[in-house]
Structures are given as structure tokens and as C-alpha cells.
Amino acid sequence: MLTISQLAAYAGVTVRAVRHYHQIGLLPEPERDRSGYRTHDAAAVVRLIRIHTLAAAGVPLARVQELLGAGPEEFADGVQEIDQNLRAEVRRLQDTRRRLARLAAGEHLALPQSVVDYLDRLRGLGVEERYIELERDAWIMIAAQVPHLIDAVIAKKHEQLDDPDMVRLYSFLRGALDWPADDPRVIEIADILERLRMRAVEAGEVGADGFDDQFVGLLDSAMVESSPGAERVLAILAERGWRGWTRIERVPADRLNAELPPGLSPRPQAPGP
């Protein structure tokens, strides 16, 4: 007869593991002998080895009891089911590792790859990091609101970067956040933004943006608060009949070929300068 230490040694497990198996009912705990000791027989060694083999293979302890008492066909079905569950768990863990690797890159938190690539393209244009962070935060909020649209929106933003006006606009963003409101370059930014808005409206790139008014106001306020010049740009556009920042709320008919109904908005985009 074997003590608990000897039993554990024969099965290649720890005494603590044996006690745990006793506690959860996987391994029956023997009665005490006349000397007050609990001793184990060969059957306990065999059962403990089988428990350890199943557990080491990845079988959850909650399923071990079931498999120990199963017939050959039931055992095979049970193992196959456990294997399928483990495969799913492996895929989940691999996906988690990929997410962690992206997070380690610094900018993937709450952002899809398409947005990260776009921000990297802005860096290539020489846009200062402070403005990149401003756009990043706006895109985080936008991606959370319209995740199903974000890749299409970003694809459109890449197309816009082929426009010389858009490239020139971003060329200003190497220090624009520090410009005072009366900097003459603010007017040039307003001119560029107006031309871009006119092209968007005339091209029919308008429609529902999927945002409620409160969210639009949040994006607008974040942009306006970023720089003294941003508020001045909005004021200049308002003087010319343009209302709104993230969403165009009114289109000046006298500055377009045809008047559009009020309330039309360009496709969702991050706040500009």
C-alpha cells in the first residue's frame, strides 16, 4: 500500500495535485487504516495516471470524469469535441497575440489598420505629430460610431490626398496649431477648405453620416479647441455661407452651380485644421 507521497511519485504528479483530485472527486480518497493513515492501492495509481494523462493532453478537469467512464466510441467523440474547442481557443489566443503586437506598435489601440496606414501617410507628408494625434483621436471616435463604413471612408481620404489642394492643406499642418487667429495663412486654409467642400458637394458626395448631433458637436469642439486658427477658419467659412465643420449644415447657393437642400453633409471624415 502506498502513502500519498508515493502515489504522487508513481504517477508523476505532485502531492498537491493528488489532494486537489481528491477534493473535486476525480480520485476517491481512501478510508484511514487502523493506524490512522490513508493508503492507496495499485488501482489508485492507474486511475491517477489516466487522470494526469488526460489533463496533460488539455482535457478540462470538468470533462475528465466523463471520459474516464466512457466507452470507446463515446471517448473518441468526447476527445474530438475537446480538440475542436482547443482549436478555437488557439485561434482566439493567436488573434489576441496579433492584437497585442499591433498595440505594441503604438497606434493600433481602437484603430483599424486602414486608419493607421492613413496616419502614416500623413506623416510622410510632413504633418507634425501633434496634429497626427488630433486626427488619431477623432478617427478613434469615428471608427467606434461607424465601424462598417470606416474602411470606405479612409479609401476616400486616400483619394483626396491625390488632390493638390489637399496636399497643400496638409503642408500647412507643420505648425498650424500654434498660429494666432490673425495669421494670414488662416485665410488661405479657409480658401482651400472651401474649394474642397465645393468639389465634394458638386460631385454628389453627400448623404447621411450616421452620427447624431451630439457626436458631431463633440468632433467640432475638439477641432475648434485645438488651435486659435481653427475657430477663425470656421468664422471665415461661416461668413461665406458655409455652416458646420464635421457636417455641412448649410450650403451657400451663390457659391455653387446649384442650391442643395439644407442638412446635406459630406461623407464622414475626421475634423480638418
# chains A, B, ... in the order shown; residues from 1 in each chain; ligands from 1

$ select_by_dssp --residues "stretch 82-184 of chain A" --states "helix (DSSP H, G or I)" --output "NGL selection string"
:A and (82-104 or 113-124 or 129-145 or 150-160 or 164-172 or 176-178 or 184)

$ residues_around --residues "A:Ser227" --least-positions-apart "4" --cutoff "8 Å" --atoms "only C-alpha atoms" --output "VMD selection string"
chain A and resid 176 to 179 223 231

$ write_last_selection --atoms "N, CA and C atoms" --output "compact mmCIF listing (two decimals), in the first residue's frame"
# COMPACT_ATOMS: atom_id res chain seq x y z
N ALA A 176 0.60 74.71 -37.75
CA ALA A 176 -0.62 75.49 -37.76
C ALA A 176 -1.32 75.55 -36.40
N LEU A 177 -1.11 74.54 -35.57
CA LEU A 177 -1.80 74.54 -34.27
C LEU A 177 -1.34 75.69 -33.38
N ASP A 178 -0.18 76.25 -33.70
CA ASP A 178 0.34 77.37 -32.90
C ASP A 178 0.08 78.73 -33.54
N TRP A 179 -0.53 78.74 -34.72
CA TRP A 179 -0.77 80.03 -35.37
C TRP A 179 -1.79 80.85 -34.60
N MET A 223 -11.97 69.97 -32.53
CA MET A 223 -11.17 70.65 -33.54
C MET A 223 -11.00 72.12 -33.21
N GLU A 231 -10.81 78.09 -34.96
CA GLU A 231 -12.05 78.85 -34.75
C GLU A 231 -12.18 79.96 -35.79

$ closest_residue --among "A:Leu122, A:Val13, A:Ala144, A:Leu86" --to "A:Arg50" --atoms "only C-alpha atoms"
A:Val13
